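Undergrad: What follows is protein.pdb; its format and atoms are PDB, C-alpha atoms.
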MODEL        1
ATOM      1  CA  MET B 292       0.000   0.000   0.000  1.00  0.00           C
ATOM      2  CA  THR B 293       1.451   3.353  -1.026  1.00  0.00           C
ATOM      3  CA  ALA B 294       1.556   6.398   1.203  1.00  0.00           C
ATOM      4  CA  TYR B 295      -1.198   7.958  -0.911  1.00  0.00           C
ATOM      5  CA  GLN B 296      -3.447   4.952  -0.386  1.00  0.00           C
ATOM      6  CA  GLN B 297      -2.822   5.233   3.357  1.00  0.00           C
ATOM      7  CA  VAL B 298      -3.680   8.935   3.251  1.00  0.00           C
ATOM      8  CA  LEU B 299      -6.851   8.093   1.327  1.00  0.00           C
ATOM      9  CA  ASP B 300      -7.828   5.604   4.031  1.00  0.00           C
ATOM     10  CA  ILE B 301      -7.343   8.311   6.654  1.00  0.00           C
ATOM     11  CA  ALA B 302      -9.299  10.820   4.552  1.00  0.00           C
ATOM     12  CA  ARG B 303     -12.155   8.316   4.412  1.00  0.00           C
ATOM     13  CA  GLN B 304     -11.991   7.906   8.192  1.00  0.00           C
ATOM     14  CA  GLN B 305     -12.170  11.679   8.505  1.00  0.00           C
ATOM     15  CA  SER B 306     -15.152  11.781   6.167  1.00  0.00           C
ATOM     16  CA  ALA B 307     -16.919   9.126   8.251  1.00  0.00           C
ATOM     17  CA  ALA B 308     -16.212  11.135  11.400  1.00  0.00           C
ATOM     18  CA  LEU B 309     -17.672  14.243   9.756  1.00  0.00           C
ATOM     19  CA  SER B 310     -20.814  12.359   8.802  1.00  0.00           C
ATOM     20  CA  ARG B 311     -21.211  11.436  12.480  1.00  0.00           C
ATOM     21  CA  GLY B 312     -20.724  15.083  13.455  1.00  0.00           C
ATOM     22  CA  GLU B 313     -17.308  14.433  15.011  1.00  0.00           C
ATOM     23  CA  LEU B 314     -15.212  17.252  13.576  1.00  0.00           C
ATOM     24  CA  GLU B 315     -12.655  17.052  16.364  1.00  0.00           C
ATOM     25  CA  ALA B 316     -12.071  13.346  15.719  1.00  0.00           C
ATOM     26  CA  ALA B 317     -11.559  14.139  12.046  1.00  0.00           C
ATOM     27  CA  THR B 318      -9.025  16.870  12.747  1.00  0.00           C
ATOM     28  CA  LEU B 319      -7.073  14.659  15.160  1.00  0.00           C
ATOM     29  CA  LEU B 320      -6.062  12.530  12.158  1.00  0.00           C
ATOM     30  CA  LEU B 321      -4.387  15.440  10.357  1.00  0.00           C
ATOM     31  CA  ASP B 322      -1.002  14.894  12.023  1.00  0.00           C
ATOM     32  CA  GLU B 323      -0.959  11.251  10.961  1.00  0.00           C
ATOM     33  CA  ARG B 324      -1.659  12.287   7.379  1.00  0.00           C
ATOM     34  CA  ALA B 325       1.043  14.936   7.481  1.00  0.00           C
ATOM     35  CA  ALA B 326       3.616  12.387   8.633  1.00  0.00           C
ATOM     36  CA  LEU B 327       2.713  10.052   5.774  1.00  0.00           C
ATOM     37  CA  LEU B 328       2.860  12.827   3.202  1.00  0.00           C
ATOM     38  CA  ALA B 329       6.202  14.106   4.531  1.00  0.00           C
ATOM     39  CA  ARG B 330       7.898  10.856   3.609  1.00  0.00           C
ATOM     40  CA  ALA B 331       5.843  10.042   0.491  1.00  0.00           C
ATOM     41  CA  ALA B 332       7.482   9.857  -2.903  1.00  0.00           C
ATOM     42  CA  VAL B 333       6.343  11.972  -5.815  1.00  0.00           C
ATOM     43  CA  PRO B 334       2.960  10.650  -6.961  1.00  0.00           C
ATOM     44  CA  THR B 335       3.001   8.396 -10.001  1.00  0.00           C
ATOM     45  CA  ALA B 336       0.369   8.328 -12.722  1.00  0.00           C
ATOM     46  CA  ALA B 337      -1.319   5.486 -10.840  1.00  0.00           C
ATOM     47  CA  ASP B 338      -1.555   7.717  -7.746  1.00  0.00           C
ATOM     48  CA  VAL B 339      -3.372  10.550  -9.534  1.00  0.00           C
ATOM     49  CA  PRO B 340      -6.932   9.192  -9.047  1.00  0.00           C
ATOM     50  CA  ILE B 341      -6.125   8.517  -5.393  1.00  0.00           C
ATOM     51  CA  VAL B 342      -4.818  12.058  -4.891  1.00  0.00           C
ATOM     52  CA  GLU B 343      -7.904  13.473  -6.621  1.00  0.00           C
ATOM     53  CA  GLU B 344     -10.147  11.519  -4.238  1.00  0.00           C
ATOM     54  CA  ILE B 345      -8.124  12.790  -1.269  1.00  0.00           C
ATOM     55  CA  LEU B 346      -8.561  16.354  -2.504  1.00  0.00           C
ATOM     56  CA  ARG B 347     -12.319  15.882  -2.918  1.00  0.00           C
ATOM     57  CA  LEU B 348     -12.634  14.597   0.646  1.00  0.00           C
ATOM     58  CA  ASP B 349     -10.382  17.399   1.888  1.00  0.00           C
ATOM     59  CA  ARG B 350     -12.754  20.006   0.458  1.00  0.00           C
ATOM     60  CA  ASP B 351     -15.515  18.629   2.668  1.00  0.00           C
ATOM     61  CA  LEU B 352     -13.217  18.611   5.702  1.00  0.00           C
ATOM     62  CA  SER B 353     -11.986  22.152   5.103  1.00  0.00           C
ATOM     63  CA  SER B 354     -15.585  23.362   4.685  1.00  0.00           C
ATOM     64  CA  ALA B 355     -16.548  21.780   8.001  1.00  0.00           C
ATOM     65  CA  ILE B 356     -13.526  23.344   9.735  1.00  0.00           C
ATOM     66  CA  ARG B 357     -14.356  26.745   8.225  1.00  0.00           C
ATOM     67  CA  GLN B 358     -17.999  26.497   9.366  1.00  0.00           C
ATOM     68  CA  ARG B 359     -16.883  25.633  12.899  1.00  0.00           C
ATOM     69  CA  MET B 360     -14.439  28.546  12.958  1.00  0.00           C
ATOM     70  CA  ILE B 361     -17.201  30.930  11.888  1.00  0.00           C
ATOM     71  CA  ALA B 362     -19.530  29.527  14.559  1.00  0.00           C
ATOM     72  CA  ILE B 363     -16.851  30.011  17.236  1.00  0.00           C
ATOM     73  CA  ARG B 364     -16.211  33.569  16.050  1.00  0.00           C
ATOM     74  CA  ASP B 365     -19.937  34.354  16.123  1.00  0.00           C
ATOM     75  CA  GLU B 366     -20.301  32.866  19.618  1.00  0.00           C
ATOM     76  CA  ALA B 367     -17.395  34.970  20.843  1.00  0.00           C
ATOM     77  CA  ARG B 368     -18.810  38.095  19.216  1.00  0.00           C
ATOM     78  CA  ASP B 369     -22.255  37.477  20.717  1.00  0.00           C
ATOM     79  CA  GLY B 370     -20.681  36.884  24.120  1.00  0.00           C
ATOM     80  CA  GLU B 371     -18.737  40.130  23.853  1.00  0.00           C
ATOM     81  CA  ARG B 372     -21.902  42.052  22.934  1.00  0.00           C
ATOM     82  CA  GLY B 373     -23.729  40.500  25.873  1.00  0.00           C
ATOM     83  CA  ARG B 374     -20.918  41.336  28.249  1.00  0.00           C
ATOM     84  CA  LYS B 375     -20.865  44.951  27.071  1.00  0.00           C
ATOM     85  CA  ALA B 376     -24.629  45.193  27.503  1.00  0.00           C
ATOM     86  CA  LEU B 377     -24.427  43.784  31.031  1.00  0.00           C
ATOM     87  CA  ASP B 378     -21.522  46.043  31.886  1.00  0.00           C
ATOM     88  CA  SER B 379     -23.559  49.100  30.944  1.00  0.00           C
ATOM     89  CA  TYR B 380     -26.347  48.246  33.411  1.00  0.00           C
ATOM     90  CA  GLY B 381     -25.856  49.551  36.907  1.00  0.00           C
ATOM     91  CA  ARG B 382     -22.440  50.998  36.271  1.00  0.00           C
ATOM     92  CA  HIS B 383     -23.628  54.577  36.314  1.00  0.00           C
ATOM     93  CA  LEU B 384     -24.374  55.692  39.840  1.00  0.00           C
ATOM     94  CA  PRO B 385     -26.782  58.565  40.356  1.00  0.00           C
ATOM     95  CA  ARG B 386     -25.110  61.912  40.866  1.00  0.00           C
ATOM     96  CA  ARG B 387     -24.636  62.844  44.476  1.00  0.00           C
ATOM     97  CA  PRO B 388     -25.236  66.369  45.508  1.00  0.00           C
ATOM     98  CA  MET B 389     -21.977  68.240  46.005  1.00  0.00           C
ATOM     99  CA  ALA B 390     -23.132  69.783  49.279  1.00  0.00           C
ATOM    100  CA  VAL B 391     -26.056  69.260  51.557  1.00  0.00           C
ATOM    101  CA  ASP B 392     -28.111  72.322  52.488  1.00  0.00           C
ATOM    102  CA  THR B 393     -28.762  71.874  56.192  1.00  0.00           C
ATOM    103  CA  SER B 394     -30.035  75.390  56.854  1.00  0.00           C
ATOM    104  CA  SER B 395     -33.278  75.015  54.921  1.00  0.00           C
TER     105      SER B 395
ENDMDL
END
Have the structure of the file written as structure tokens, please.
TA:
Amino acid sequence: MTAYQQVLDIARQQSAALSRGELEAATLLLDERAALLARAAVPTAADVPIVEEILRLDRDLSSAIRQRMIAIRDEARDGERGRKALDSYGRHLPRRPMAVDTSS
């Protein structure tokens, strides 16, 4: 089995994890793929369809990662807005009179 076939197997595992909604499990396999690709030879003509399949699966993975990043950004932004709104309540104390008129 070539390195590209091994990477394809991992890409399929990642795709299966995505279909189960397990993005984190899918991303945990990225280091294993990187190690295989680091020592892989230049792809041969026979490897081209395998590499194309890997790229197709990678598009799905990268889309899922991008969607999660956007969701995290939006959650953080919404949390920041909420914090600012809460901070503005009760922070402004009523003005105190500068002096008390005791002779009246």
Undergrad: Please provide the set of residues having any atom within 12 Å of Glu343 in chain B, restricted to only C-alpha atoms, with same-chain residues fewer than 6 positions apart removed, written as a list in words.
TA: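 Counting only C-alpha atoms, the residues come to Tyr295, Gln296, Val298, Leu299, Ala302, Pro334, Ala336, Ala337, Asp349 and Arg350 of chain B.
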Undergrad: CA of Ile345 in chain B and CA of Met292 in chain B are how many Å apart?
TA: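 These atoms are spaced 15.2 Å apart.
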Undergrad: Report as number ranges by chain all protein, DNA and RNA residues lying within 9 Å of range 305-322 of chain B, evaluated on all atoms listed in the file, omitting residues in the same chain fewer than 3 positions from it.
TA: B: 300-302, 325-327, 348-349, 351-352, 355-356, 359
Undergrad: One number please: CA of Leu328 in chain B to CA of Met360 in chain B, in Å, one decimal.
TA: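 Computed distance, CA of Leu328 in chain B to CA of Met360 in chain B, equals 25.3 Å.
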Undergrad: Take every atom of range 306-314 of chain B listed in the file, fit an axis-aligned box around them, add 8 Å per side, and give the centre and edge lengths in Å to one decimal as AutoDock Vina command-line options.
TA:
--center_x -18.2 --center_y 13.2 --center_z 10.6 --size_x 22.1 --size_y 24.1 --size_z 24.8
Undergrad: Which distance in Å separates CA of Ala331 in chain B and CA of Glu344 in chain B, to one decimal?
TA: 16.7 Å
